[in-house]
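Just entry.tsv here, TSV, C-alpha atoms:
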```tsv
chain	number	residue	atom	x	y	z
B	813	MET	CA	54.63	-24.06	-13.86
B	814	SER	CA	56.61	-26.68	-15.78
B	815	GLU	CA	56.97	-29.29	-13.04
B	816	ASN	CA	53.33	-28.88	-11.98
B	817	ARG	CA	51.87	-28.47	-15.45
B	818	GLU	CA	49.99	-31.78	-15.61
B	819	LEU	CA	48.66	-31.33	-12.08
B	820	ILE	CA	47.33	-27.88	-12.94
B	821	TYR	CA	45.79	-29.14	-16.19
B	822	ASN	CA	43.95	-31.90	-14.32
B	823	GLU	CA	42.74	-29.60	-11.55
B	824	LEU	CA	41.35	-27.06	-14.03
B	825	ALA	CA	39.79	-29.74	-16.23
B	826	SER	CA	38.09	-31.23	-13.17
B	827	ALA	CA	36.81	-27.81	-12.10
B	828	LEU	CA	35.27	-27.19	-15.53
B	829	LYS	CA	33.71	-30.65	-15.60
B	830	GLU	CA	32.23	-30.15	-12.14
B	831	ALA	CA	30.79	-26.80	-13.24
B	832	GLU	CA	29.16	-28.55	-16.19
B	833	LYS	CA	27.60	-31.17	-13.91
B	834	THR	CA	26.36	-28.73	-11.25
B	835	CYS	CA	25.53	-25.85	-13.66
B	836	ILE	CA	27.38	-23.51	-11.30
B	837	GLY	CA	29.97	-21.33	-13.05
B	838	ILE	CA	33.54	-20.97	-11.79
B	839	LYS	CA	36.00	-18.10	-11.70
B	840	PRO	CA	37.90	-17.48	-14.95
B	841	ILE	CA	40.86	-19.83	-15.08
B	842	SER	CA	42.76	-17.10	-16.93
B	843	VAL	CA	42.56	-15.07	-13.71
B	844	THR	CA	43.41	-17.86	-11.30
B	845	ASN	CA	46.20	-19.12	-13.59
B	846	PRO	CA	47.44	-16.12	-15.62
B	847	GLU	CA	50.48	-17.99	-16.91
B	848	LEU	CA	48.37	-20.27	-19.14
B	849	ALA	CA	48.87	-20.06	-22.93
B	850	ILE	CA	46.51	-21.18	-25.68
B	851	ARG	CA	48.27	-24.54	-26.06
B	852	ASP	CA	47.82	-25.12	-22.33
B	853	ALA	CA	44.11	-24.36	-22.74
B	854	TYR	CA	43.76	-26.92	-25.54
B	855	SER	CA	45.52	-29.49	-23.34
B	856	ILE	CA	42.91	-28.87	-20.66
B	857	GLN	CA	40.11	-29.17	-23.22
B	858	LEU	CA	41.46	-32.48	-24.49
B	859	LEU	CA	41.69	-33.90	-20.96
B	860	ASN	CA	37.95	-33.46	-20.53
B	861	ILE	CA	37.22	-34.85	-23.99
B	862	LYS	CA	39.21	-37.97	-23.09
B	863	LYS	CA	37.14	-38.29	-19.90
B	864	GLU	CA	33.94	-38.05	-21.93
B	865	LEU	CA	35.14	-40.76	-24.30
B	866	ALA	CA	36.10	-42.96	-21.36
B	867	GLU	CA	32.51	-42.59	-20.10
B	868	GLY	CA	31.21	-43.98	-23.40
B	869	LYS	CA	30.46	-40.85	-25.39
B	870	THR	CA	31.66	-40.48	-28.98
B	871	ILE	CA	32.98	-37.53	-30.99
B	872	THR	CA	30.54	-36.49	-33.71
B	873	GLY	CA	32.48	-33.52	-35.03
B	874	LYS	CA	34.00	-30.13	-34.26
B	875	LYS	CA	32.85	-26.57	-33.78
B	876	ILE	CA	34.57	-23.35	-34.72
B	877	GLY	CA	34.22	-20.30	-32.52
B	878	LEU	CA	35.35	-16.67	-32.61
B	879	THR	CA	34.86	-16.43	-36.37
B	880	SER	CA	33.43	-12.91	-36.33
B	881	LEU	CA	35.53	-9.78	-36.02
B	882	ALA	CA	33.23	-8.52	-33.26
B	883	MET	CA	33.83	-11.59	-31.10
B	884	GLN	CA	37.57	-11.54	-31.77
B	885	ASN	CA	37.73	-7.89	-30.76
B	886	MET	CA	35.70	-8.60	-27.62
B	887	LEU	CA	38.20	-11.23	-26.48
B	888	ASN	CA	41.21	-9.35	-27.88
B	889	VAL	CA	42.31	-12.17	-30.22
B	890	ASN	CA	42.99	-12.39	-33.94
B	891	GLN	CA	42.14	-16.05	-34.51
B	892	PRO	CA	39.20	-18.45	-34.20
B	893	ASP	CA	39.18	-21.40	-31.81
B	894	PHE	CA	37.73	-24.92	-31.90
B	895	GLY	CA	36.01	-27.44	-29.69
B	896	HIS	CA	34.73	-31.00	-29.92
B	897	LEU	CA	31.14	-32.11	-30.52
B	898	LEU	CA	29.89	-35.24	-28.77
B	899	ASP	CA	26.87	-37.44	-29.43
B	900	SER	CA	25.44	-36.31	-26.09
B	901	MET	CA	25.35	-32.70	-27.34
B	902	GLU	CA	23.01	-33.22	-30.29
B	903	VAL	CA	19.40	-32.16	-29.68
B	904	LYS	CA	17.28	-34.71	-31.50
B	905	ASN	CA	13.72	-33.48	-30.86
B	906	ASN	CA	14.24	-29.70	-31.12
B	907	ILE	CA	13.71	-29.37	-27.35
B	908	ALA	CA	16.64	-28.37	-25.13
B	909	ALA	CA	16.73	-28.62	-21.34
B	910	ARG	CA	17.65	-25.20	-19.95
B	911	LYS	CA	18.28	-26.64	-16.48
B	912	LYS	CA	21.24	-28.65	-17.75
B	913	LEU	CA	23.09	-25.51	-18.89
B	914	VAL	CA	24.85	-22.72	-17.00
B	915	ALA	CA	24.16	-19.62	-19.11
B	916	PRO	CA	23.12	-20.63	-22.64
B	917	LYS	CA	23.15	-18.46	-25.75
B	918	VAL	CA	22.17	-19.39	-29.31
B	919	GLU	CA	24.01	-19.04	-32.60
B	920	ALA	CA	22.70	-19.76	-36.09
B	921	GLU	CA	25.31	-21.48	-38.25
B	922	ILE	CA	25.97	-23.47	-41.41
B	923	ALA	CA	26.97	-27.05	-40.60
B	924	PHE	CA	29.12	-29.17	-42.91
B	925	ILE	CA	28.76	-32.96	-42.92
B	926	LEU	CA	31.85	-34.55	-44.41
B	927	LYS	CA	31.93	-37.50	-46.80
B	928	GLU	CA	35.73	-37.53	-46.81
B	929	ALA	CA	38.44	-36.52	-44.37
B	930	VAL	CA	39.90	-33.03	-44.63
B	931	LYS	CA	43.58	-32.96	-43.74
B	932	GLY	CA	45.90	-30.05	-43.01
B	933	PRO	CA	48.25	-28.32	-43.11
B	934	HIS	CA	47.38	-26.91	-46.56
B	935	ALA	CA	43.62	-27.51	-46.84
B	936	THR	CA	41.68	-24.95	-48.88
B	937	ALA	CA	38.04	-23.90	-49.09
B	938	GLU	CA	37.87	-25.84	-52.37
B	939	ASP	CA	39.13	-28.97	-50.58
B	940	VAL	CA	36.40	-28.56	-47.98
B	941	ILE	CA	33.63	-28.25	-50.58
B	942	ALA	CA	34.92	-31.34	-52.40
B	943	ALA	CA	34.96	-33.31	-49.13
B	944	THR	CA	31.50	-32.20	-47.98
B	945	ASP	CA	28.54	-34.53	-48.41
B	946	TYR	CA	26.01	-31.79	-47.65
B	947	VAL	CA	25.41	-28.66	-45.58
B	948	VAL	CA	22.47	-27.94	-43.29
B	949	ALA	CA	21.12	-25.10	-41.18
B	950	ALA	CA	22.17	-25.44	-37.56
B	951	ILE	CA	21.64	-23.82	-34.19
B	952	GLU	CA	24.49	-24.06	-31.72
B	953	ILE	CA	23.60	-23.56	-28.08
B	954	VAL	CA	26.80	-22.22	-26.60
B	955	ASP	CA	27.40	-22.27	-22.85
B	956	SER	CA	30.18	-21.16	-20.53
B	957	ARG	CA	31.21	-22.99	-17.41
B	958	VAL	CA	32.91	-19.73	-16.40
B	959	ALA	CA	30.53	-17.58	-14.37
B	960	ASP	CA	28.80	-14.69	-16.17
B	961	TRP	CA	30.72	-15.31	-19.42
B	962	LYS	CA	33.70	-13.40	-18.01
B	963	ILE	CA	36.05	-15.13	-20.43
B	964	ASN	CA	39.05	-14.57	-22.63
B	965	ILE	CA	40.54	-16.88	-25.24
B	966	ILE	CA	42.18	-19.11	-22.59
B	967	ASP	CA	38.92	-19.64	-20.72
B	968	THR	CA	36.81	-20.48	-23.75
B	969	VAL	CA	39.39	-22.83	-25.32
B	970	ALA	CA	39.86	-24.77	-22.08
B	971	ASP	CA	36.06	-24.93	-21.77
B	972	ASN	CA	35.75	-26.79	-25.09
B	973	ALA	CA	35.22	-23.51	-26.96
B	974	SER	CA	32.14	-22.82	-24.82
B	975	SER	CA	30.29	-25.72	-26.43
B	976	GLY	CA	26.88	-26.75	-25.15
B	977	LEU	CA	24.39	-28.39	-27.50
B	978	TYR	CA	23.59	-28.30	-31.21
B	979	VAL	CA	20.59	-28.80	-33.47
B	980	LEU	CA	20.73	-29.81	-37.14
B	981	SER	CA	18.09	-29.27	-39.80
B	982	GLY	CA	16.82	-32.19	-41.85
B	983	LYS	CA	17.13	-30.32	-45.16
B	984	ARG	CA	20.35	-31.38	-46.88
B	985	VAL	CA	21.89	-29.12	-49.51
B	986	ASP	CA	24.78	-29.74	-51.90
B	987	PRO	CA	27.33	-26.95	-51.20
B	988	LYS	CA	28.42	-27.02	-54.84
B	989	LYS	CA	24.97	-25.78	-55.89
B	990	ILE	CA	24.80	-22.66	-53.71
B	991	ASP	CA	27.04	-19.73	-52.82
B	992	LEU	CA	27.71	-20.26	-49.14
B	993	LYS	CA	29.06	-16.74	-48.74
B	994	ALA	CA	25.74	-15.31	-49.93
B	995	VAL	CA	23.49	-17.44	-47.71
B	996	SER	CA	21.47	-15.08	-45.52
B	997	MET	CA	19.97	-15.78	-42.11
B	998	GLU	CA	17.38	-14.13	-39.86
B	999	LEU	CA	17.26	-15.10	-36.17
B	1000	PHE	CA	13.98	-14.93	-34.25
B	1001	LYS	CA	13.40	-15.20	-30.49
B	1002	ASN	CA	9.80	-15.74	-29.37
B	1003	GLY	CA	8.60	-14.53	-32.76
B	1004	GLU	CA	10.62	-11.32	-32.80
B	1005	LYS	CA	13.52	-10.86	-35.19
B	1006	ILE	CA	16.58	-10.02	-33.14
B	1007	ASN	CA	19.42	-10.14	-35.67
B	1008	GLY	CA	20.69	-11.67	-38.89
B	1009	GLY	CA	23.75	-12.26	-40.99
B	1010	LYS	CA	25.32	-13.82	-44.07
B	1011	GLY	CA	27.70	-16.67	-44.76
B	1012	GLU	CA	30.42	-14.17	-45.57
B	1013	ASP	CA	30.31	-13.04	-41.93
B	1014	VAL	CA	32.09	-16.30	-41.05
B	1015	LEU	CA	35.74	-15.48	-41.84
B	1016	GLY	CA	34.59	-14.31	-45.28
B	1017	ASP	CA	33.51	-17.83	-46.29
B	1018	PRO	CA	32.20	-20.72	-44.12
B	1019	ALA	CA	34.22	-23.20	-46.22
B	1020	TYR	CA	37.38	-21.22	-45.50
B	1021	SER	CA	36.50	-21.44	-41.82
B	1022	VAL	CA	36.41	-25.23	-42.03
B	1023	ALA	CA	39.72	-25.23	-43.92
B	1024	TRP	CA	41.23	-23.10	-41.14
B	1025	LEU	CA	40.06	-25.73	-38.67
B	1026	ALA	CA	41.61	-28.60	-40.64
B	1027	ASN	CA	44.92	-26.77	-40.83
B	1028	THR	CA	44.88	-25.87	-37.14
B	1029	LEU	CA	43.97	-29.41	-36.09
B	1030	TYR	CA	47.01	-30.65	-38.01
B	1031	GLU	CA	49.19	-28.95	-35.40
B	1032	TYR	CA	47.58	-31.19	-32.77
B	1033	GLY	CA	47.77	-34.39	-34.83
B	1034	VAL	CA	44.01	-34.39	-35.49
B	1035	VAL	CA	42.16	-34.84	-38.79
B	1036	LEU	CA	38.60	-33.85	-39.67
B	1037	GLY	CA	37.17	-37.28	-40.36
B	1038	LYS	CA	34.62	-38.75	-42.72
B	1039	GLY	CA	31.09	-38.36	-41.35
B	1040	GLU	CA	31.98	-35.58	-38.94
B	1041	VAL	CA	29.75	-32.57	-38.36
B	1042	VAL	CA	31.53	-29.22	-38.48
B	1043	LEU	CA	29.77	-26.13	-37.12
B	1044	SER	CA	31.46	-23.43	-39.15
B	1045	GLY	CA	30.76	-20.38	-36.98
B	1046	ALA	CA	28.00	-17.95	-36.04
B	1047	LEU	CA	26.42	-15.74	-38.68
B	1048	SER	CA	25.39	-13.18	-36.05
B	1049	ALA	CA	25.56	-12.29	-32.36
B	1050	ALA	CA	24.47	-14.85	-29.77
B	1051	PRO	CA	21.47	-13.81	-27.61
B	1052	PRO	CA	20.90	-15.45	-24.21
B	1053	VAL	CA	18.00	-17.84	-23.72
B	1054	GLU	CA	15.95	-19.11	-20.79
B	1055	ALA	CA	13.32	-21.78	-20.20
B	1056	GLY	CA	10.22	-21.06	-22.27
B	1057	ASP	CA	12.07	-19.35	-25.10
B	1058	HIS	CA	11.44	-20.36	-28.71
B	1059	ILE	CA	14.22	-19.81	-31.24
B	1060	LYS	CA	13.91	-19.96	-35.03
B	1061	ALA	CA	16.56	-19.30	-37.66
B	1062	VAL	CA	15.46	-18.80	-41.27
B	1063	PHE	CA	18.15	-19.30	-43.92
B	1064	SER	CA	18.03	-18.65	-47.66
B	1065	ASP	CA	18.73	-21.90	-49.54
B	1066	LEU	CA	18.95	-23.96	-46.33
B	1067	GLY	CA	15.44	-23.46	-44.93
B	1068	GLU	CA	14.58	-22.93	-41.28
B	1069	ILE	CA	15.44	-24.57	-37.98
B	1070	LYS	CA	13.84	-24.28	-34.55
B	1071	VAL	CA	14.57	-25.11	-30.93
B	1072	ASP	CA	12.48	-24.72	-27.80
B	1073	PHE	CA	13.89	-24.42	-24.28
B	1074	GLU	CA	12.09	-26.16	-21.43
```

What's the structure tokens form of this structure?
Amino acid sequence: MSENRELIYNELASALKEAEKTCIGIKPISVTNPELAIRDAYSIQLLNIKKELAEGKTITGKKIGLTSLAMQNMLNVNQPDFGHLLDSMEVKNNIAARKKLVAPKVEAEIAFILKEAVKGPHATAEDVIAATDYVVAAIEIVDSRVADWKINIIDTVADNASSGLYVLSGKRVDPKKIDLKAVSMELFKNGEKINGGKGEDVLGDPAYSVAWLANTLYEYGVVLGKGEVVLSGALSAAPPVEAGDHIKAVFSDLGEIKVDFE
């Protein structure tokens, strides 16, 4: 693949971008191109991020995926992954357009907003807490441009870690004043509780998850910057959603957050 690597990267990035525009999923790229490695997948991801920036969008932060043991086992991996957040992904009015997504699911998370940069390769959870301005409750609306979520680690990484949209709560909390590992969450869909979790379900500690990200980004020459939003990982499983669904996540310490799908 070496002599055709860039051509393949561009073709796959274009296919994923077209799937995003048309909301029609594609075949798993891990099946059509089984020789791809994780670094190849990140190269494909970054090609599409560069296209987004060229179109005038801006990076608002990063997201961390595959932080739970269940998700890692499902995709047969032993590490998280990351994607980029863009200004176009933030839901401002708590209403998300289902028709602009392929197959959305929702995850309740703790989001970190940074007041200082966090740099690898030796960042710690303590470094993350010191660099965090505040944390908020968040809902990430994940989506896969691969049809029917038939993905492995290569597919989701290339697809910007299956990013879709995100919603942030207005309640800001100092992470130094709470135990993030002990924060509990209950997730409701159309008024019915469907699951729940705790901060410790995110790699044992959401701050450790963000430190992992900073250290991994170092390998790609990227730094978590001042002002960035970091979605630290899902506290529970991600149920699918359709138009008309109402989602609410209730957190201890962080309050509640809602999103409606139209």

Using only C-alpha atoms, determine which residues lie at most 12 Å from Val1034 (chain B), disregarding the query and same-chain residues fewer than 3 positions distant; provide the list as a ChimeraX atom specification. /B:858,873-874,894,896,929-933,1025-1031,1037

Using all atoms listed in the file, which residue out of B:Ala973, B:Val1062, B:Ala1019, B:Ile966 lies closest to Ile941 (chain B)?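 Among the listed residues, the smallest separation from Ile941 (chain B) belongs to B:Ala1019.
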
Please identify every residue of region 885-930 of chain B that has at least one atom no farther than 6 Å from an atom of region 1038-1047 of chain B, counting all atoms listed in the file, and for each give the shortest atom pair and the distance in Å to one decimal, arranged by chain then increasing number, as a tab-separated table.
```
residue	atom	partner	partner_atom	distance
B:Glu919	CA	B:Ala1046	CA	5.4
B:Ala920	CA	B:Ala1046	CA	5.6
B:Glu921	CA	B:Ala1046	CA	5.0
B:Ile922	CA	B:Ser1044	CA	5.9
B:Ala923	CA	B:Leu1043	CA	4.6
B:Phe924	CA	B:Val1042	CA	5.0
B:Ile925	CA	B:Val1041	CA	4.7
B:Leu926	CA	B:Gly1039	CA	4.9
B:Lys927	CA	B:Lys1038	CA	5.0
B:Glu928	CA	B:Lys1038	CA	4.4
B:Ala929	CA	B:Lys1038	CA	4.7
```

List as JSON lines every residue of region 918-990 of chain B that is in contact with region 817-841 of chain B, defined as an atom at most 9 Å from one of its atoms (using all atoms listed in the file), together with the nearest atom pair and the distance in Å rounded to one decimal, sorted by chain and then rising number.
```
{"residue": "B:Ser956", "atom": "CA", "partner": "B:Gly837", "partner_atom": "CA", "distance": 7.5}
{"residue": "B:Arg957", "atom": "CA", "partner": "B:Gly837", "partner_atom": "CA", "distance": 4.8}
{"residue": "B:Val958", "atom": "CA", "partner": "B:Gly837", "partner_atom": "CA", "distance": 4.7}
{"residue": "B:Ala959", "atom": "CA", "partner": "B:Gly837", "partner_atom": "CA", "distance": 4.0}
{"residue": "B:Asp960", "atom": "CA", "partner": "B:Gly837", "partner_atom": "CA", "distance": 7.4}
{"residue": "B:Trp961", "atom": "CA", "partner": "B:Pro840", "partner_atom": "CA", "distance": 8.7}
{"residue": "B:Lys962", "atom": "CA", "partner": "B:Pro840", "partner_atom": "CA", "distance": 6.6}
{"residue": "B:Ile963", "atom": "CA", "partner": "B:Pro840", "partner_atom": "CA", "distance": 6.2}
{"residue": "B:Asn964", "atom": "CA", "partner": "B:Pro840", "partner_atom": "CA", "distance": 8.3}
{"residue": "B:Ile966", "atom": "CA", "partner": "B:Ile841", "partner_atom": "CA", "distance": 7.7}
{"residue": "B:Asp967", "atom": "CA", "partner": "B:Ile841", "partner_atom": "CA", "distance": 6.0}
{"residue": "B:Ala970", "atom": "CA", "partner": "B:Ala825", "partner_atom": "CA", "distance": 7.7}
{"residue": "B:Asp971", "atom": "CA", "partner": "B:Leu828", "partner_atom": "CA", "distance": 6.7}
```

Figure out the distance between CA of Lys912 (chain B) and CA of Met883 (chain B), please, to one decimal in Å.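 A separation of 25.1 Å between them.
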
Contacts of Thr872 (chain B) at 6 Å or less, counting all atoms listed in the file, minus same-chain residues fewer than 2 places along, as a ChimeraX atom specification? /B:897-899,1040

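Taking CA of Ser975 (chain B) and CA of Gly895 (chain B) as endpoints, the distance between them is 6.8 Å.
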
Please identify all polymer residues within 7 Å of Tyr978 (chain B), counting only C-alpha atoms, omitting same-chain residues fewer than 4 positions from it, and present them as a list in words.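 Everything that qualifies: Met901, Glu902, Val903, Ile951, Glu952 and Ile953 of chain B.
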
Adding 3 Å on each side of the box along x, y and z that holds all listed atoms of region 1038-1048 of chain B, could you give its centre and edge lengths in Å to one decimal, as AutoDock Vina command-line options?
```
--center_x 30.0 --center_y -26.0 --center_z -39.4 --size_x 15.2 --size_y 31.6 --size_z 12.7
```

Env of Pro1051 (chain B): 9 Å cut, atoms = all atoms listed in the file, seq-sep filter 2 positions within chain, self excluded. Answer as a VMD selection string. chain B and resid 916 to 919 1001 1006 1049 1053

Grab the residues selected above and save them as a CSV table (one decimal), in the frame of the given file with C-alpha atoms.
```csv
chain,number,residue,atom,x,y,z
B,916,PRO,CA,23.1,-20.6,-22.6
B,917,LYS,CA,23.2,-18.5,-25.8
B,918,VAL,CA,22.2,-19.4,-29.3
B,919,GLU,CA,24.0,-19.0,-32.6
B,1001,LYS,CA,13.4,-15.2,-30.5
B,1006,ILE,CA,16.6,-10.0,-33.1
B,1049,ALA,CA,25.6,-12.3,-32.4
B,1053,VAL,CA,18.0,-17.8,-23.7
```

Just checking: using all atoms listed in the file, which residue out of B:Ser900, B:Trp1024, B:Lys1070, B:Ala908 ends up closest to Gly868 (chain B)? B:Ser900

Between CA of Arg984 (chain B) and CA of Ala950 (chain B), measure the distance and give it in Å to one decimal.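 Between CA of Arg984 (chain B) and CA of Ala950 (chain B) the gap works out to 11.2 Å.
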
Set the distance at 6 Å and use all atoms listed in the file: which residues neighbour region 1007-1013 of chain B once local chain neighbours fewer than 6 positions away are removed? I'd like the list as number ranges by chain. B: 992-999, 1047-1048

Using all atoms listed in the file, the residue out of B:Val985, B:Leu980, B:Val1035, B:Leu1015 with shortest distance to Asn906 (chain B) is B:Leu980

Among B:Ala949, B:Val969, B:Ile907, B:Ala937, Glu1068 (chain B) is approached most closely, using only C-alpha atoms, by B:Ala949

With only C-alpha atoms as the atoms that count, which of B:Thr936, B:Tyr854, B:Asn816, B:Leu913 lies nearest to Tyr1020 (chain B)? B:Thr936

So, counting all atoms listed in the file, which residue among B:Val843, B:Ala849, B:Ile856, B:Val1022 is closest to Asp939 (chain B)?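 Among B:Val843, B:Ala849, B:Ile856, B:Val1022, it is B:Val1022 that comes nearest to Asp939 (chain B).
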
Please complete region 977-1002 of chain B with N, CA and C atoms and give it back as a compact mmCIF listing (two decimals), keeping the file's coordinate frame.
```txt
# COMPACT_ATOMS: atom_id res chain seq x y z
N LEU B 977 25.21 -27.46 -26.73
CA LEU B 977 24.39 -28.39 -27.50
C LEU B 977 24.33 -27.91 -28.94
N TYR B 978 23.80 -28.76 -29.83
CA TYR B 978 23.59 -28.30 -31.21
C TYR B 978 22.40 -29.00 -31.82
N VAL B 979 21.77 -28.31 -32.78
CA VAL B 979 20.59 -28.80 -33.47
C VAL B 979 20.84 -28.72 -34.97
N LEU B 980 20.54 -29.79 -35.69
CA LEU B 980 20.73 -29.81 -37.14
C LEU B 980 19.40 -29.92 -37.87
N SER B 981 19.28 -29.20 -38.96
CA SER B 981 18.09 -29.27 -39.80
C SER B 981 18.10 -30.57 -40.61
N GLY B 982 16.92 -30.98 -41.03
CA GLY B 982 16.82 -32.19 -41.85
C GLY B 982 16.98 -31.92 -43.33
N LYS B 983 17.00 -30.65 -43.74
CA LYS B 983 17.13 -30.32 -45.16
C LYS B 983 18.60 -30.33 -45.57
N ARG B 984 18.97 -31.23 -46.45
CA ARG B 984 20.35 -31.38 -46.88
C ARG B 984 20.57 -30.69 -48.22
N VAL B 985 21.63 -29.90 -48.30
CA VAL B 985 21.89 -29.12 -49.51
C VAL B 985 23.33 -29.37 -49.99
N ASP B 986 23.46 -29.56 -51.30
CA ASP B 986 24.78 -29.74 -51.90
C ASP B 986 25.51 -28.38 -51.92
N PRO B 987 26.65 -28.26 -51.25
CA PRO B 987 27.33 -26.95 -51.20
C PRO B 987 27.85 -26.49 -52.55
N LYS B 988 27.96 -27.40 -53.50
CA LYS B 988 28.42 -27.02 -54.84
C LYS B 988 27.33 -26.28 -55.61
N LYS B 989 26.09 -26.36 -55.15
CA LYS B 989 24.97 -25.78 -55.89
C LYS B 989 24.52 -24.44 -55.34
N ILE B 990 25.16 -23.96 -54.27
CA ILE B 990 24.80 -22.66 -53.71
C ILE B 990 26.08 -21.88 -53.40
N ASP B 991 25.92 -20.58 -53.23
CA ASP B 991 27.04 -19.73 -52.82
C ASP B 991 26.95 -19.56 -51.31
N LEU B 992 27.77 -20.28 -50.60
CA LEU B 992 27.71 -20.26 -49.14
C LEU B 992 27.95 -18.87 -48.57
N LYS B 993 28.77 -18.10 -49.23
CA LYS B 993 29.06 -16.74 -48.74
C LYS B 993 27.83 -15.86 -48.78
N ALA B 994 26.92 -16.15 -49.73
CA ALA B 994 25.74 -15.31 -49.93
C ALA B 994 24.52 -15.79 -49.14
N VAL B 995 24.62 -16.95 -48.50
CA VAL B 995 23.49 -17.44 -47.71
C VAL B 995 23.16 -16.43 -46.61
N SER B 996 21.89 -16.04 -46.54
CA SER B 996 21.47 -15.08 -45.52
C SER B 996 20.68 -15.79 -44.43
N MET B 997 20.65 -15.18 -43.25
CA MET B 997 19.97 -15.78 -42.11
C MET B 997 19.29 -14.69 -41.28
N GLU B 998 18.07 -14.99 -40.81
CA GLU B 998 17.38 -14.13 -39.86
C GLU B 998 17.09 -14.96 -38.60
N LEU B 999 17.41 -14.39 -37.44
CA LEU B 999 17.26 -15.10 -36.17
C LEU B 999 16.09 -14.49 -35.38
N PHE B 1000 15.17 -15.37 -34.97
CA PHE B 1000 13.98 -14.93 -34.25
C PHE B 1000 13.94 -15.54 -32.84
N LYS B 1001 13.57 -14.73 -31.87
CA LYS B 1001 13.40 -15.20 -30.49
C LYS B 1001 11.98 -14.87 -30.06
N ASN B 1002 11.21 -15.91 -29.77
CA ASN B 1002 9.80 -15.74 -29.37
C ASN B 1002 9.03 -14.91 -30.39
```
